[in-house]
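Undergrad: Sharing model-v6.txt here; it has compact mmCIF, C-alpha atoms.
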```txt
# COMPACT_ATOMS: atom_id res chain seq x y z
CA MET A 1 -19.29 14.22 -56.47
CA ALA A 2 -16.28 15.46 -58.46
CA ASP A 3 -15.23 14.88 -62.08
CA HIS A 4 -11.57 14.04 -62.74
CA ASP A 5 -10.51 13.20 -66.30
CA GLY A 6 -13.98 11.90 -67.14
CA TRP A 7 -14.30 9.66 -64.09
CA GLN A 8 -17.08 10.27 -61.60
CA VAL A 9 -15.71 10.10 -58.04
CA ASN A 10 -18.58 9.28 -55.71
CA ALA A 11 -18.15 9.98 -52.00
CA CYS A 12 -20.47 7.11 -51.09
CA ALA A 13 -18.95 3.63 -50.99
CA SER A 14 -22.26 1.73 -50.74
CA ASN A 15 -23.44 -0.69 -53.40
CA ALA A 16 -26.27 1.66 -54.38
CA ALA A 17 -23.88 4.27 -55.76
CA ARG A 18 -20.92 2.90 -57.74
CA CYS A 19 -18.13 4.87 -59.35
CA ASP A 20 -17.14 4.46 -62.98
CA TYR A 21 -14.30 2.10 -62.05
CA CYS A 22 -16.81 -0.27 -60.44
CA LEU A 23 -18.92 -0.29 -63.61
CA ALA A 24 -16.04 -0.49 -66.08
CA ALA A 25 -15.61 -3.85 -67.75
CA ASP A 26 -11.81 -3.53 -67.84
CA ALA A 27 -11.46 -2.50 -64.20
CA PRO A 28 -8.32 -3.92 -62.58
CA PRO A 29 -8.81 -7.01 -60.41
CA GLU A 30 -9.19 -6.34 -56.74
CA GLY A 31 -5.83 -7.74 -55.67
CA ALA A 32 -3.77 -6.95 -58.76
CA PRO A 33 -0.74 -4.64 -58.37
CA LEU A 34 -1.04 -1.30 -60.16
CA GLY A 35 1.50 0.97 -61.73
CA GLY A 36 2.78 4.20 -60.33
CA GLU A 37 0.35 6.43 -62.26
CA LEU A 38 -1.34 9.02 -60.05
CA ASP A 39 -5.00 8.65 -61.12
CA PRO A 40 -7.37 10.37 -58.66
CA GLY A 41 -10.36 8.38 -59.91
CA LEU A 42 -8.58 5.09 -59.37
CA LEU A 43 -7.33 6.15 -55.95
CA ALA A 44 -10.86 7.15 -54.94
CA HIS A 45 -12.18 3.81 -56.20
CA LEU A 46 -9.63 1.94 -54.10
CA TYR A 47 -10.29 4.05 -51.02
CA LEU A 48 -14.07 4.43 -51.11
CA CYS A 49 -15.37 1.40 -52.96
CA LEU A 50 -12.84 -1.26 -51.98
CA GLY A 51 -12.25 0.18 -48.51
CA LEU A 52 -8.46 0.09 -48.74
CA SER A 53 -6.38 2.25 -46.42
CA THR A 54 -3.89 4.76 -47.73
CA TYR A 55 -1.10 2.38 -46.69
CA ARG A 56 -2.51 -0.49 -48.76
CA ILE A 57 -3.18 1.85 -51.70
CA ALA A 58 0.43 3.01 -51.60
CA ALA A 59 1.62 -0.61 -51.53
CA ARG A 60 -0.55 -1.52 -54.57
CA THR A 61 0.16 1.52 -56.67
CA GLY A 62 3.79 2.03 -55.75
CA ILE A 63 3.09 5.68 -54.90
CA ASP A 64 4.26 7.30 -51.71
CA ARG A 65 1.52 7.28 -49.07
CA GLN A 66 1.72 11.04 -48.52
CA ARG A 67 1.16 11.60 -52.26
CA VAL A 68 -1.84 9.26 -52.13
CA THR A 69 -3.30 11.25 -49.24
CA ARG A 70 -2.75 14.59 -50.98
CA ALA A 71 -4.32 13.28 -54.21
CA LEU A 72 -7.39 12.02 -52.39
CA ARG A 73 -7.86 15.32 -50.57
CA LYS A 74 -7.40 17.25 -53.83
CA ALA A 75 -10.06 15.04 -55.43
CA GLY A 76 -12.51 15.95 -52.66
CA VAL A 77 -12.55 12.49 -51.08
CA PRO A 78 -13.41 12.69 -47.37
CA LEU A 79 -10.68 10.86 -45.45
CA HIS A 80 -11.60 8.85 -42.39
CA PRO A 81 -9.75 9.24 -39.09
CA ARG A 82 -6.71 7.07 -38.79
CA GLY A 83 -7.69 3.44 -38.22
CA ALA A 84 -11.38 4.00 -39.05
CA GLY A 85 -11.31 3.74 -42.85
CA ARG A 86 -10.58 0.06 -43.34
CA LEU A 87 -13.19 -2.69 -43.49
CA ARG A 88 -13.77 -4.32 -40.13
CA PRO A 89 -14.41 -8.02 -39.56
CA VAL A 90 -17.95 -8.89 -38.59
CA ARG A 91 -18.17 -9.38 -34.84
CA ASP A 92 -20.41 -11.85 -33.13
CA PRO A 93 -22.56 -9.66 -30.89
CA ASP A 94 -23.96 -12.63 -28.98
CA ASP A 95 -20.52 -14.14 -28.29
CA ARG A 96 -21.78 -17.48 -29.58
CA GLN A 97 -18.27 -18.56 -30.56
CA CYS A 98 -16.93 -17.73 -27.09
CA PRO A 99 -19.71 -17.55 -24.47
CA PRO A 100 -19.06 -15.67 -21.22
CA SER A 101 -19.46 -18.90 -19.25
CA LEU A 102 -16.44 -20.39 -21.05
CA LEU A 103 -14.33 -17.32 -20.36
CA ARG A 104 -15.36 -17.34 -16.71
CA GLU A 105 -14.50 -21.02 -16.33
CA LEU A 106 -11.11 -20.62 -17.98
CA TYR A 107 -10.26 -17.49 -15.98
CA GLU A 108 -11.71 -18.23 -12.55
CA VAL A 109 -11.76 -22.03 -12.34
CA ALA A 110 -8.78 -23.03 -14.49
CA ARG A 111 -6.88 -19.88 -13.33
CA LEU A 112 -5.57 -19.14 -16.82
CA ASP A 113 -4.50 -15.57 -17.52
CA SER A 114 -5.76 -13.46 -20.41
CA THR A 115 -2.66 -14.20 -22.51
CA GLU A 116 -3.15 -17.96 -22.22
CA ILE A 117 -6.88 -17.68 -22.96
CA ALA A 118 -6.17 -15.53 -26.01
CA ALA A 119 -3.70 -18.11 -27.36
CA MET A 120 -6.16 -20.93 -26.73
CA LEU A 121 -9.16 -19.23 -28.36
CA GLY A 122 -7.23 -17.48 -31.13
CA MET A 123 -8.27 -13.93 -30.31
CA PRO A 124 -6.42 -10.80 -29.17
CA GLU A 125 -5.70 -10.46 -25.46
CA ARG A 126 -7.48 -7.10 -25.37
CA THR A 127 -10.64 -8.79 -26.68
CA VAL A 128 -10.41 -11.38 -23.93
CA ARG A 129 -10.08 -8.72 -21.23
CA ASP A 130 -12.93 -6.67 -22.74
CA ARG A 131 -15.25 -9.67 -22.78
CA LEU A 132 -14.29 -10.59 -19.23
CA ARG A 133 -15.13 -7.06 -18.17
CA ARG A 134 -18.48 -7.18 -20.01
CA ALA A 135 -19.25 -10.50 -18.31
CA GLY A 136 -18.69 -8.91 -14.90
CA VAL A 137 -15.54 -10.93 -14.12
CA SER A 138 -13.11 -9.09 -11.86
CA THR A 139 -9.67 -9.30 -13.44
CA ARG A 140 -6.76 -10.36 -11.26
CA THR A 141 -3.90 -8.04 -10.49
CA ARG A 142 -0.65 -8.68 -12.32
CA GLY A 143 2.92 -9.10 -11.18
CA GLY A 144 4.51 -10.43 -8.01
CA TRP A 145 1.95 -8.69 -5.75
CA ASN A 146 -1.00 -10.67 -7.07
CA ARG A 147 -3.57 -10.89 -4.27
CA GLU A 148 -5.79 -13.54 -5.84
CA ASP A 149 -3.13 -16.17 -6.58
CA ARG A 150 -1.58 -16.05 -3.13
CA ILE A 151 -1.19 -19.35 -1.33
CA THR A 152 -3.29 -19.52 1.84
CA VAL A 153 -2.79 -22.30 4.37
CA PRO A 154 -6.14 -24.01 5.12
CA GLU A 155 -7.53 -23.17 8.53
CA HIS A 156 -7.87 -26.79 9.66
CA LEU A 157 -4.12 -27.35 9.08
CA LEU A 158 -3.28 -24.26 11.12
CA GLN A 159 -5.56 -25.38 13.94
CA MET A 160 -4.08 -28.86 14.01
CA LEU A 161 -0.39 -28.12 13.50
CA TYR A 162 0.05 -24.62 14.92
CA VAL A 163 -2.59 -24.45 17.65
CA GLU A 164 -3.10 -28.03 18.87
CA LEU A 165 0.39 -29.49 18.29
CA GLY A 166 2.15 -26.24 19.18
CA MET A 167 4.49 -26.19 16.18
CA THR A 168 6.19 -22.97 15.24
CA ALA A 169 5.35 -21.21 11.97
CA ALA A 170 8.67 -22.36 10.50
CA GLU A 171 7.98 -25.98 11.48
CA VAL A 172 4.49 -25.83 9.99
CA GLY A 173 5.96 -24.37 6.82
CA GLN A 174 8.53 -27.16 6.57
CA ARG A 175 5.82 -29.76 7.06
CA ILE A 176 3.58 -28.44 4.25
CA GLY A 177 6.30 -27.04 1.98
CA LEU A 178 5.75 -23.31 2.53
CA SER A 179 7.64 -20.49 4.20
CA GLY A 180 7.04 -19.48 7.79
CA GLY A 181 5.98 -16.02 6.62
CA THR A 182 3.21 -17.52 4.49
CA VAL A 183 2.01 -19.51 7.51
CA LEU A 184 1.89 -16.42 9.73
CA ARG A 185 0.22 -14.32 7.04
CA SER A 186 -2.46 -16.98 6.57
CA ALA A 187 -2.99 -17.22 10.33
CA HIS A 188 -3.49 -13.46 10.64
CA ALA A 189 -5.90 -13.34 7.70
CA LEU A 190 -7.94 -16.30 9.01
CA GLY A 191 -8.10 -14.94 12.55
CA VAL A 192 -6.02 -17.72 14.14
CA PRO A 193 -4.32 -16.49 17.35
CA VAL A 194 -0.58 -16.12 16.70
CA ARG A 195 1.93 -16.66 19.50
CA SER A 196 4.38 -13.86 20.23
CA GLY A 197 7.85 -14.95 19.15
CA GLY A 198 11.30 -13.66 19.90
CA ALA A 199 14.50 -14.88 21.47
CA ALA A 200 13.82 -13.27 24.86
CA PRO A 201 10.46 -13.56 26.68
CA LEU A 202 8.53 -10.30 26.77
CA THR A 203 5.87 -9.06 29.11
CA GLY A 204 2.36 -8.62 27.85
CA PRO A 205 -0.10 -10.79 25.93
CA GLU A 206 1.20 -14.08 24.61
CA GLU A 207 -1.12 -14.36 21.60
CA ILE A 208 -2.55 -11.85 19.15
CA GLU A 209 -5.42 -11.94 16.70
CA LEU A 210 -3.91 -9.22 14.56
CA VAL A 211 -7.00 -8.06 12.65
CA SER A 212 -9.05 -7.75 15.84
CA ALA A 213 -6.17 -6.03 17.62
CA LEU A 214 -5.83 -3.47 14.85
CA TYR A 215 -9.52 -2.60 14.90
CA ALA A 216 -9.50 -2.46 18.74
CA ASP A 217 -6.60 -0.02 18.88
CA PRO A 218 -8.05 3.47 19.55
CA ILE A 219 -5.50 5.31 17.40
CA VAL A 220 -6.02 3.00 14.42
CA ALA A 221 -9.78 3.06 14.93
CA ALA A 222 -9.82 6.87 14.95
CA ALA A 223 -7.85 6.98 11.69
CA LEU A 224 -10.15 4.44 10.02
CA THR A 225 -13.20 6.43 11.12
CA ALA A 226 -11.71 9.68 9.83
CA TYR A 227 -11.16 8.17 6.37
CA ASP A 228 -14.43 6.17 6.38
CA ILE A 229 -12.62 2.82 6.15
CA PRO A 230 -14.96 -0.11 6.90
CA HIS A 231 -14.11 -2.84 9.41
CA VAL A 232 -13.69 -6.19 7.65
CA PRO A 233 -13.35 -9.06 10.14
CA ALA A 234 -10.83 -11.85 9.70
CA GLY A 235 -11.87 -15.18 8.26
CA GLY A 236 -10.52 -15.56 4.74
CA SER A 237 -7.72 -14.80 2.34
CA LEU A 238 -6.94 -11.23 1.39
CA SER A 239 -8.89 -11.45 -1.88
CA GLN A 240 -11.85 -13.00 -0.05
CA ARG A 241 -11.92 -10.34 2.65
CA PHE A 242 -11.48 -7.55 0.08
CA PRO A 243 -12.85 -8.58 -3.34
CA ARG A 244 -12.00 -5.02 -4.39
CA PRO A 245 -9.11 -3.49 -2.41
CA LEU A 246 -9.56 -0.03 -0.98
CA SER A 247 -7.94 2.87 -2.79
CA LEU A 248 -4.73 4.14 -1.26
CA THR A 249 -4.29 7.86 -0.70
CA THR A 250 -1.22 9.68 0.58
CA PRO A 251 -2.91 11.08 3.76
CA LEU A 252 -4.40 7.66 4.62
CA VAL A 253 -1.16 5.72 4.20
CA LYS A 254 0.88 8.39 5.94
CA ASP A 255 -1.45 8.45 8.95
CA LEU A 256 -1.65 4.67 9.25
CA TYR A 257 2.11 4.25 8.94
CA TRP A 258 3.45 7.20 10.94
CA GLU A 259 0.62 8.39 13.19
CA CYS A 260 -0.75 4.93 14.02
CA GLY A 261 2.57 3.10 13.79
CA ALA A 262 1.19 0.31 11.59
CA ALA A 263 3.53 -1.86 9.54
CA LEU A 264 3.11 -2.61 5.85
CA ASN A 265 1.45 -5.96 6.55
CA HIS A 266 -0.92 -4.21 8.97
CA ILE A 267 -1.97 -1.75 6.25
CA GLU A 268 -2.46 -4.77 3.98
CA LEU A 269 -4.91 -6.31 6.46
CA LEU A 270 -6.78 -3.00 6.83
CA THR A 271 -7.05 -2.01 3.14
CA GLY A 272 -6.78 -5.22 1.11
CA GLN A 273 -3.78 -3.87 -0.79
CA ALA A 274 -0.74 -6.15 -0.80
CA ALA A 275 2.18 -5.05 1.36
CA GLY A 276 4.38 -4.77 -1.73
CA THR A 277 1.82 -2.48 -3.33
CA VAL A 278 1.76 -0.32 -0.20
CA ARG A 279 5.55 -0.08 -0.21
CA LYS A 280 5.61 0.93 -3.89
CA PHE A 281 2.87 3.52 -3.25
CA MET A 282 4.88 5.03 -0.40
CA GLN A 283 8.00 5.22 -2.53
CA ASP A 284 6.11 6.95 -5.35
CA ALA A 285 4.38 9.33 -2.90
CA GLY A 286 7.63 10.24 -1.15
CA ILE A 287 6.57 8.79 2.22
CA PRO A 288 9.71 7.67 4.10
CA LEU A 289 10.01 4.22 5.65
CA ARG A 290 11.13 3.45 9.17
CA ALA A 291 14.49 1.87 9.75
CA ALA A 292 14.52 -1.87 9.21
CA GLY A 293 14.40 -4.21 12.20
CA GLY A 294 12.49 -4.23 15.45
CA ARG A 295 8.79 -4.14 16.14
CA SER A 296 6.47 -1.54 14.71
CA PRO A 297 5.15 1.18 17.06
CA PHE A 298 1.73 -0.46 16.96
CA MET A 299 3.14 -3.82 18.09
CA ARG A 300 5.12 -2.16 20.89
CA ARG A 301 1.96 -0.35 21.96
CA TRP A 302 0.01 -3.60 21.91
CA ARG A 303 2.72 -5.47 23.84
CA SER A 304 2.73 -2.82 26.56
CA GLY A 305 -1.05 -3.04 26.95
CA LEU A 306 -1.76 0.49 25.75
CA GLY A 307 -3.70 -0.55 22.66
CA GLY A 308 -7.08 -0.70 24.36
CA SER A 309 -6.79 2.42 26.52
CA PRO A 310 -7.62 5.72 24.79
CA ALA A 311 -6.28 7.68 27.75
CA ARG A 312 -2.80 6.13 27.51
CA ARG A 313 -2.01 6.64 23.87
CA MET A 314 1.60 6.64 22.87
CA PRO A 315 2.75 9.85 21.22
CA ALA A 316 2.70 9.78 17.46
CA GLN A 317 6.07 9.47 15.77
CA PRO A 318 6.68 12.08 13.09
CA PRO A 319 8.42 11.00 9.90
CA PRO A 320 12.16 11.62 9.82
CA LYS A 321 13.19 14.98 8.52
CA ALA A 322 15.97 15.54 6.07
CA ILE A 323 19.21 16.70 7.73
CA PRO A 324 20.03 20.19 6.41
CA THR A 325 23.39 20.54 4.78
CA MET A 326 25.62 23.55 5.43
CA THR A 327 26.40 25.85 2.58
CA ALA A 328 29.92 26.68 1.50
CA THR A 329 29.69 30.07 3.28
CA GLN A 330 28.73 28.40 6.58
CA ASN A 331 31.59 25.96 6.26
CA ALA A 332 33.99 28.83 5.64
CA ARG A 333 32.73 30.66 8.75
CA ARG A 334 33.18 27.53 10.88
CA ALA A 335 36.70 27.13 9.59
```
What's the structure tokens form of this structure?
TA:
Amino acid sequence: MADHDGWQVNACASNAARCDYCLAADAPPEGAPLGGELDPGLLAHLYLCLGLSTYRIAARTGIDRQRVTRALRKAGVPLHPRGAGRLRPVRDPDDRQCPPSLLRELYEVARLDSTEIAAMLGMPERTVRDRLRRAGVSTRTRGGWNREDRITVPEHLLQMLYVELGMTAAEVGQRIGLSGGTVLRSAHALGVPVRSGGAAPLTGPEEIELVSALYADPIVAAALTAYDIPHVPAGGSLSQRFPRPLSLTTPLVKDLYWECGAALNHIELLTGQAAGTVRKFMQDAGIPLRAAGGRSPFMRRWRSGLGGSPARRMPAQPPPKAIPTMTATQNARRA
């Protein structure tokens, strides 16, 4: 407690210990604007008893905020850390106004995002995401590489149109209003055998169950064992097969891509990370990409029948090395 000009400045803002401004009959109303007089007792009353921040005190008194802070410190008033000194609204600890079941239904069943739920319930988006996390709801990934909101062709449609009627992936896509790539991706994820395409007929197997072929390849299997990657069989969408995608590391991605010859969509099927996410990770990690076009080394190995024979492994392809540039001295010598 400090005495400034006859006013007792109490460091406790509870109702049990009031300052002289609280007890004065002619105390200024709580919301009334004040003059620019620098009164430490009044500033302490506003800060401790009314719970106003230094910003709001400066706005009411017309005094610069830095001067308010210096006056409070000179008066011996303990200042709270930034953002901790103002009065907080009373939270509902039981979430009675917004039960977790409602959040789960809006997020998982109605497929609303946290921004839409926040606008509907009138609460900050961060609060929505915090309550979803407390309720044990796994939040969806954001952006164009969202795994959970991907469109997956139902298996019975693939069996009827692609397998029984013999349509191509492009024809199936035109029939149901999707791209041929989405049809093929769904077929690989669901374990539907996919016919080998191409303009010219190739020797080797005519159909591939890609997930099973990846796990059966000895080079891929050795890499997965070395990094303790579990085998997840086909039979669902990417988010169903991997509710939580595996973490990507530079050695893992580099070995799968360059040593095993897997493509980006192959790494997606093995780790649960979207192919776009894998590409972005490789760019950030400085892992070079193969030239566009053609089949991946894994697919060429599978087509030639070497995928199931450990003794006939194809040699690993090292990543391309940067071409060294000649210095000015070397150019002068050549000239």
Undergrad: Closest to Arg150 of chain A among A:Leu289, A:Met167, A:Ile219, A:Leu238, using only C-alpha atoms?
TA: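 Closest residue, counting only C-alpha atoms: A:Leu238.
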Undergrad: For Leu106 of chain A, which of A:Leu224, A:Val137, A:Ile176, A:Leu79 is the closest residue, counting all atoms listed in the file?
TA: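 Once distances to Leu106 of chain A are computed over all atoms listed in the file, the minimum belongs to A:Val137.
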Undergrad: If you count only C-alpha atoms, which residues fall within 12 Å of Asp228 of chain A, apart from same-chain ones fewer than 2 positions away, as a ChimeraX atom specification?
TA: /A:221-226,230-231,246-247,252,270-271
Undergrad: Keeping only C-alpha atoms, take the residues you just selected and write them out as an mmCIF file, in the coordinates of the input.
TA:
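Full text of again_33.cif as output:
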```
data_model
loop_
_atom_site.group_PDB
_atom_site.id
_atom_site.type_symbol
_atom_site.label_atom_id
_atom_site.label_comp_id
_atom_site.auth_asym_id
_atom_site.auth_seq_id
_atom_site.Cartn_x
_atom_site.Cartn_y
_atom_site.Cartn_z
ATOM 1 C CA ALA A 221 -9.780 3.060 14.930
ATOM 2 C CA ALA A 222 -9.820 6.870 14.950
ATOM 3 C CA ALA A 223 -7.850 6.980 11.690
ATOM 4 C CA LEU A 224 -10.150 4.440 10.020
ATOM 5 C CA THR A 225 -13.200 6.430 11.120
ATOM 6 C CA ALA A 226 -11.710 9.680 9.830
ATOM 7 C CA PRO A 230 -14.960 -0.110 6.900
ATOM 8 C CA HIS A 231 -14.110 -2.840 9.410
ATOM 9 C CA LEU A 246 -9.560 -0.030 -0.980
ATOM 10 C CA SER A 247 -7.940 2.870 -2.790
ATOM 11 C CA LEU A 252 -4.400 7.660 4.620
ATOM 12 C CA LEU A 270 -6.780 -3.000 6.830
ATOM 13 C CA THR A 271 -7.050 -2.010 3.140
#
```
Undergrad: At a cut-off of 10 Å from (-3.5, -23.4, 6.7) in the coordinates of the file, what residues are picked up using only C-alpha atoms, written as a ChimeraX atom specification?
TA: /A:151-162,172-173,176,182-187,190,192
Undergrad: With only C-alpha atoms counted, which protein, DNA or RNA residues have an atom no more than 6 Å from (-1.4, 6.8, 15.9) in the file frame? Please answer as a list in words.
TA: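 Using only C-alpha atoms, the matching residues come out as Ile219, Glu259, Cys260, Gly261 and Ala316 of chain A.
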Undergrad: What lies within 7 Å of Ile287 of chain A using only C-alpha atoms, ignoring chain neighbours under 4 positions off, as a list of chain:residue names?
TA: A:Lys254, A:Met282, A:Gln283
Undergrad: Could you please determine the separation between atom CA of Asp130 of chain A and atom CA of Ser114 of chain A in Å, to one decimal place?
TA: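 For atom CA of Asp130 of chain A relative to atom CA of Ser114 of chain A, the distance reads 10.1 Å.
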Undergrad: Would you work out the distance separating atom CA of Glu125 of chain A from atom CA of Gly276 of chain A, expressed in Å to one decimal?
TA: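 Separation between atom CA of Glu125 of chain A and atom CA of Gly276 of chain A: 26.4 Å.
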Undergrad: Rounded to one decimal, what separation in Å do you get between atom CA of Thr249 of chain A and atom CA of Asn265 of chain A?
TA: 16.6 Å
Undergrad: Determine the nearest neighbour of Arg70 of chain A from the options A:Ile229, A:Gly177, A:Gly51, A:Asp39, counting only C-alpha atoms.
TA: A:Asp39
Undergrad: Determine, counting only C-alpha atoms, which protein, DNA and RNA residues have an atom within 8 Å of an atom of Val211 of chain A; residues of the same chain fewer than 3 positions away are not included. Present the result as a list of chain:residue names.
TA: A:His188, A:Ala189, A:Gly191, A:Leu214, A:Tyr215, A:Pro233, A:Ala234, A:Leu269, A:Leu270
Undergrad: Go ahead and save the residues from that selection, with C-alpha atoms, as a tab-separated table (two decimals), in the coordinates of the input.
TA:
```tsv
chain	number	residue	atom	x	y	z
A	188	HIS	CA	-3.49	-13.46	10.64
A	189	ALA	CA	-5.90	-13.34	7.70
A	191	GLY	CA	-8.10	-14.94	12.55
A	214	LEU	CA	-5.83	-3.47	14.85
A	215	TYR	CA	-9.52	-2.60	14.90
A	233	PRO	CA	-13.35	-9.06	10.14
A	234	ALA	CA	-10.83	-11.85	9.70
A	269	LEU	CA	-4.91	-6.31	6.46
A	270	LEU	CA	-6.78	-3.00	6.83
```
Undergrad: Find, counting all atoms listed in the file, the residue in A:Gly272, A:Pro78, A:Pro251, A:Pro124 that gets nearest to Gly236 of chain A.
TA: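 The closest residue to Gly236 of chain A is A:Gly272.
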Undergrad: Return as AutoDock Vina command-line options the box centre and box size in Å, one decimal, for an axis-aligned box around all listed atoms of segment 40-53 of chain A padded by 4 Å per side.
TA:
```
--center_x -10.9 --center_y 4.6 --center_z -53.2 --size_x 17.0 --size_y 19.6 --size_z 21.5
```
Undergrad: Between A:Thr277, A:Arg140, A:Trp302, A:Ser237, which one has atoms that come closest to Pro218 of chain A, using all atoms listed in the file?
TA: A:Trp302
